[in-house]
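Asks: Have a look at this one.
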Amino acid sequence: MLVSAKEMLNKAKAGKYAVGQFNINNLEWTKAILLTAEELKSPVILGVSEGAGKYMCGYKTVVGMVNGMLESLKITVPVALHLDHGSYDGALACIEAGFSSVMFDGSHYPIEENVAKTTELIRIAGEKGISVEAEVGAIGGEEDGVIGGGEVADPEECKRIADLGVTMLAAGIGNIHGKYPANWAGLNFDVLAKIQELTGEMPLVLHGGTGIPADMIKRAISLGVSKINVNTECQLAFADATRKYIEAGKDLEGKGFDPRKLLAPGFEAIKATVKEKMELFGSVGKA
Ligand code: 13P
């Protein structure tokens with residue numbers, strides 16, 4: 001059964017580790033992440049962007065697929081199904097469809113509007129025990145065609161949003177989605193420390209997990225980050241393994257064109273990436 005992200009993230013914050021949010025795109029992605037979490041006895045959050053939701057034929061299809069897998073794969077670790085960077089209407093649709101967690105990304109609205117919309121969603125989600133992630137300070141890079149400016153959040157605004165009763169809070173601290181440019185300045189730990197000081201027990205979320213060096217990840221966790229989002233890295237690993245399979249001509253050998261064979265190396269590559277991240281984040285054995 002899907003669970004809200006609240007308990008797993010509160011435990012992570014108290015235990016000084018982070019739970020990974022891995023974005024899903026299709027059946028192979030979902031199965032690879034769930035099996036890895038189960039093998040490593042790690043809690044996990046499946047992230048679904050609005051674009052990925054549309055690609056997978058809508059939120060109800062996603063809920064059906066994930067719930068079916070939890071049962072048929074006999075998954076016992078805590079799993080949250082979470083809308084990533086949702087709009088207000090997208091969050092309502094996911095709550096209705098059976099997601100256990102939603103993110104409302106109001107970071108591009110003026111703070112008053114972000115506060116008003118976040119407050120309303122907390123009320124609606126709260127009635128169903130669904131966790132809510134809010135965002136302050138747009139996270140840079142491009143995700144699903146939405147380009148953010150890579151702001152650094154204002155800690156006072158973070159406190160204001162945190163005090164509304166959100167479950168977890170994403171704050172821009174110089175992180176960006178996708179690959180980091182060679183001249184990237186790194187995470188702003190001074191701002192992260194200030195946000196943590198003002199928001200106390202609130203689990204903080206680090207987006208753009210792809211390509212952040214291990215030492216920065218560890219430092220971010222020590223400063224209150226309890227959820228780390230990873231998307232691009234699984235995509236790169238999947239594409240790389242699939243390319244190698246085809247370049248080696250394996251799809252032309254025997255029944256190598258069978259999708260169950262063709263997609264197997266990419267599936268294994270996602271598993272390996274998720275395992276590496278769970279080990280780095282410290283969530284192994286925490287389920
Ligand atoms: P990356 O694609 O950079 O890993 O970012 C993922 C993310 O933050 C999803 O919200």
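Residues are referred to by chain and number: the chain letter is A, B, ... according to the order shown in the structure tokens, the number counts from 1 in that chain, and ligands are numbered separately from 1 in the order shown.
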Would you name the residues within 7 Å of ligand 1, counting only C-alpha atoms and all ligand atoms, and put them as number ranges by chain?
Replies: A: 23, 84-85, 176-179, 207-210, 229-233
Asks: Please, could you write that set of residues out with C-alpha atoms as a PDB file, in the first residue's frame?
Replies:
ATOM      1  CA  ASN A  23      11.326   9.880 -11.196  1.00  0.00           C
ATOM      2  CA  ASP A  84       6.881  16.311  -8.886  1.00  0.00           C
ATOM      3  CA  HIS A  85       6.695  20.088  -9.553  1.00  0.00           C
ATOM      4  CA  ILE A 176      19.712  22.901 -10.923  1.00  0.00           C
ATOM      5  CA  HIS A 177      17.955  20.123 -12.807  1.00  0.00           C
ATOM      6  CA  GLY A 178      19.887  18.160 -15.395  1.00  0.00           C
ATOM      7  CA  LYS A 179      23.656  18.092 -15.809  1.00  0.00           C
ATOM      8  CA  HIS A 207      16.228  18.824  -6.184  1.00  0.00           C
ATOM      9  CA  GLY A 208      18.611  18.280  -9.068  1.00  0.00           C
ATOM     10  CA  GLY A 209      20.387  15.333  -7.424  1.00  0.00           C
ATOM     11  CA  THR A 210      22.056  14.316 -10.698  1.00  0.00           C
ATOM     12  CA  ASN A 229      15.452  14.014  -6.127  1.00  0.00           C
ATOM     13  CA  VAL A 230      17.184  12.139  -8.930  1.00  0.00           C
ATOM     14  CA  ASN A 231      15.896  11.984 -12.478  1.00  0.00           C
ATOM     15  CA  THR A 232      18.418  12.718 -15.245  1.00  0.00           C
ATOM     16  CA  GLU A 233      21.023  10.278 -13.909  1.00  0.00           C
TER      17      GLU A 233
END
Asks: With a distance cut-off of 10 Å and only C-alpha atoms, select the neighbouring residues of stretch 58-75 of chain A, excluding the residue or stretch itself and same-chain residues fewer than 6 positions from it, and output the selection as a PyMOL selection string.
Replies: chain A and resi 1-2+24-27+30-31+34-35+37-39+41+46+48+50-52+81+83+90+93-100
Asks: Considering only C-alpha atoms, state which residue in the set A:Lys275, A:Lys128, A:Arg123, A:Lys117 is at the smallest distance from A:Ile33.
Replies: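 Of A:Lys275, A:Lys128, A:Arg123, A:Lys117, the one nearest A:Ile33 is A:Lys275, counting only C-alpha atoms.
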Asks: Closest to A:Leu223 among A:Glu127, A:Glu197, A:Asp240, A:Asp154, using only C-alpha atoms?
Replies: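 Nearest to A:Leu223: A:Glu197.
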Asks: Smallest atom-to-atom distance to A:Ile246: which of A:Pro43, A:Glu28, A:Ile212, A:Pro265, using only C-alpha atoms?
Replies: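 Distance minimum relative to A:Ile246 lands on A:Pro265.
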Asks: So how many Å separate atom CA of A:Lys277 and atom CA of A:Tyr245, to one decimal?
Replies: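 Taking atom CA of A:Lys277 and atom CA of A:Tyr245, their separation equals 24.0 Å.
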Asks: Using DSSP on the backbone coordinates, identify all residues within stretch 12-213 of chain A classified as helix (DSSP H, G or I); present the result as number ranges by chain.
Replies: A: 12-15, 27-40, 50-55, 59-72, 88-97, 111-127, 155-162, 189-199
Asks: Quick one: write out the picked residues with C-alpha atoms as a JSON list (two decimals), in the first residue's frame?
Replies:
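Written file, again23.json:
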[["chain", "number", "residue", "atom", "x", "y", "z"],
["A", 12, "ALA", "CA", 15.19, 10.38, 7.84],
["A", 13, "LYS", "CA", 15.58, 13.87, 9.28],
["A", 14, "ALA", "CA", 15.94, 12.49, 12.80],
["A", 15, "GLY", "CA", 18.33, 9.76, 11.64],
["A", 27, "LEU", "CA", 6.98, 0.25, -16.43],
["A", 28, "GLU", "CA", 10.69, -0.63, -16.58],
["A", 29, "TRP", "CA", 11.63, 2.45, -14.55],
["A", 30, "THR", "CA", 9.03, 1.76, -11.89],
["A", 31, "LYS", "CA", 9.87, -1.92, -11.57],
["A", 32, "ALA", "CA", 13.63, -1.24, -11.39],
["A", 33, "ILE", "CA", 13.22, 1.33, -8.60],
["A", 34, "LEU", "CA", 10.75, -0.72, -6.55],
["A", 35, "LEU", "CA", 12.83, -3.90, -6.76],
["A", 36, "THR", "CA", 16.00, -2.07, -5.76],
["A", 37, "ALA", "CA", 14.28, -0.44, -2.78],
["A", 38, "GLU", "CA", 12.97, -3.82, -1.66],
["A", 39, "GLU", "CA", 16.36, -5.54, -2.09],
["A", 40, "LEU", "CA", 18.08, -2.82, -0.07],
["A", 50, "GLU", "CA", 3.11, 16.32, -15.02],
["A", 51, "GLY", "CA", 4.76, 15.57, -18.38],
["A", 52, "ALA", "CA", 5.60, 12.01, -17.35],
["A", 53, "GLY", "CA", 2.05, 11.58, -16.04],
["A", 54, "LYS", "CA", 0.68, 12.59, -19.42],
["A", 55, "TYR", "CA", 3.16, 10.29, -21.19],
["A", 59, "TYR", "CA", -2.40, 9.77, -13.21],
["A", 60, "LYS", "CA", -4.96, 6.97, -12.84],
["A", 61, "THR", "CA", -2.88, 4.73, -15.09],
["A", 62, "VAL", "CA", 0.19, 5.49, -12.97],
["A", 63, "VAL", "CA", -1.64, 4.73, -9.72],
["A", 64, "GLY", "CA", -2.96, 1.46, -11.19],
["A", 65, "MET", "CA", 0.48, 0.39, -12.38],
["A", 66, "VAL", "CA", 2.24, 1.22, -9.12],
["A", 67, "ASN", "CA", -0.40, -0.36, -6.90],
["A", 68, "GLY", "CA", -0.36, -3.47, -9.09],
["A", 69, "MET", "CA", 3.41, -3.74, -8.76],
["A", 70, "LEU", "CA", 3.40, -3.25, -5.00],
["A", 71, "GLU", "CA", 1.16, -6.29, -4.80],
["A", 72, "SER", "CA", 2.66, -8.55, -7.46],
["A", 88, "TYR", "CA", -2.30, 23.61, -8.36],
["A", 89, "ASP", "CA", -4.70, 21.76, -10.70],
["A", 90, "GLY", "CA", -2.21, 18.94, -11.23],
["A", 91, "ALA", "CA", -1.93, 18.44, -7.46],
["A", 92, "LEU", "CA", -5.72, 18.28, -7.14],
["A", 93, "ALA", "CA", -5.89, 15.71, -9.96],
["A", 94, "CYS", "CA", -3.24, 13.53, -8.29],
["A", 95, "ILE", "CA", -4.97, 13.70, -4.91],
["A", 96, "GLU", "CA", -8.14, 12.56, -6.67],
["A", 97, "ALA", "CA", -6.35, 9.79, -8.62],
["A", 111, "ILE", "CA", 5.09, 34.82, -2.25],
["A", 112, "GLU", "CA", 1.52, 35.81, -1.24],
["A", 113, "GLU", "CA", 0.03, 33.69, -3.99],
["A", 114, "ASN", "CA", 2.39, 30.80, -3.20],
["A", 115, "VAL", "CA", 1.22, 31.02, 0.43],
["A", 116, "ALA", "CA", -2.50, 31.11, -0.50],
["A", 117, "LYS", "CA", -2.35, 28.18, -2.91],
["A", 118, "THR", "CA", -0.07, 26.08, -0.68],
["A", 119, "THR", "CA", -2.41, 26.67, 2.30],
["A", 120, "GLU", "CA", -5.43, 25.46, 0.34],
["A", 121, "LEU", "CA", -3.65, 22.34, -0.91],
["A", 122, "ILE", "CA", -2.43, 21.46, 2.58],
["A", 123, "ARG", "CA", -6.05, 21.55, 3.73],
["A", 124, "ILE", "CA", -7.33, 19.35, 0.89],
["A", 125, "ALA", "CA", -4.42, 16.87, 0.99],
["A", 126, "GLY", "CA", -4.45, 16.81, 4.79],
["A", 127, "GLU", "CA", -8.01, 15.45, 4.84],
["A", 155, "PRO", "CA", 15.28, 31.78, 4.37],
["A", 156, "GLU", "CA", 12.53, 33.98, 5.85],
["A", 157, "GLU", "CA", 10.19, 33.04, 2.99],
["A", 158, "CYS", "CA", 11.11, 29.38, 3.60],
["A", 159, "LYS", "CA", 10.07, 29.73, 7.23],
["A", 160, "ARG", "CA", 6.79, 31.32, 6.20],
["A", 161, "ILE", "CA", 5.92, 28.46, 3.86],
["A", 162, "ALA", "CA", 7.18, 25.81, 6.31],
["A", 189, "PHE", "CA", 25.59, 25.79, 2.33],
["A", 190, "ASP", "CA", 25.36, 29.08, 4.24],
["A", 191, "VAL", "CA", 21.81, 29.58, 2.99],
["A", 192, "LEU", "CA", 20.95, 25.91, 3.64],
["A", 193, "ALA", "CA", 22.20, 26.22, 7.23],
["A", 194, "LYS", "CA", 20.10, 29.37, 7.72],
["A", 195, "ILE", "CA", 16.98, 27.68, 6.28],
["A", 196, "GLN", "CA", 17.50, 24.68, 8.55],
["A", 197, "GLU", "CA", 17.98, 26.98, 11.57],
["A", 198, "LEU", "CA", 14.69, 28.75, 10.86],
["A", 199, "THR", "CA", 12.63, 25.71, 9.87]]
Asks: Within 7 Å of A:Ser101, counting only C-alpha atoms, which residues show up once you throw out same-chain ones fewer than 5 positions away? Write them as a PDB file with N, CA and C atoms, in the first residue's frame, please.
Replies:
ATOM      1  N   SER A   4       2.073   8.000   2.688  1.00  0.00           N
ATOM      2  CA  SER A   4       2.481   9.401   2.572  1.00  0.00           C
ATOM      3  C   SER A   4       3.990   9.466   2.858  1.00  0.00           C
ATOM      4  N   ALA A   5       4.609  10.550   2.435  1.00  0.00           N
ATOM      5  CA  ALA A   5       6.066  10.660   2.643  1.00  0.00           C
ATOM      6  C   ALA A   5       6.409  11.182   4.037  1.00  0.00           C
ATOM      7  N   ALA A  80       6.138   5.958  -1.439  1.00  0.00           N
ATOM      8  CA  ALA A  80       5.219   7.087  -1.675  1.00  0.00           C
ATOM      9  C   ALA A  80       5.187   7.366  -3.168  1.00  0.00           C
ATOM     10  N   LEU A  81       4.003   7.656  -3.677  1.00  0.00           N
ATOM     11  CA  LEU A  81       3.850   8.046  -5.085  1.00  0.00           C
ATOM     12  C   LEU A  81       3.564   9.547  -5.083  1.00  0.00           C
ATOM     13  N   HIS A  82       4.506  10.288  -5.677  1.00  0.00           N
ATOM     14  CA  HIS A  82       4.572  11.738  -5.452  1.00  0.00           C
ATOM     15  C   HIS A  82       4.551  12.528  -6.759  1.00  0.00           C
ATOM     16  N   LEU A  83       3.684  13.522  -6.832  1.00  0.00           N
ATOM     17  CA  LEU A  83       3.686  14.428  -7.991  1.00  0.00           C
ATOM     18  C   LEU A  83       4.864  15.379  -7.848  1.00  0.00           C
ATOM     19  N   ILE A 130      -2.437  12.919   2.826  1.00  0.00           N
ATOM     20  CA  ILE A 130      -1.452  13.005   1.745  1.00  0.00           C
ATOM     21  C   ILE A 130      -0.408  14.076   2.071  1.00  0.00           C
ATOM     22  N   SER A 131       0.865  13.742   1.877  1.00  0.00           N
ATOM     23  CA  SER A 131       1.923  14.708   2.183  1.00  0.00           C
ATOM     24  C   SER A 131       2.042  15.768   1.095  1.00  0.00           C
ATOM     25  N   VAL A 132       2.496  16.948   1.493  1.00  0.00           N
ATOM     26  CA  VAL A 132       2.622  18.082   0.553  1.00  0.00           C
ATOM     27  C   VAL A 132       4.031  18.671   0.622  1.00  0.00           C
TER      28      VAL A 132
END
Asks: Measuring between only C-alpha atoms, which one of A:Ser222, A:Asn175, A:Asn10, A:Ser42 shows the shortest distance to A:Glu279?
Replies: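 Distance minimum relative to A:Glu279 lands on A:Ser42.
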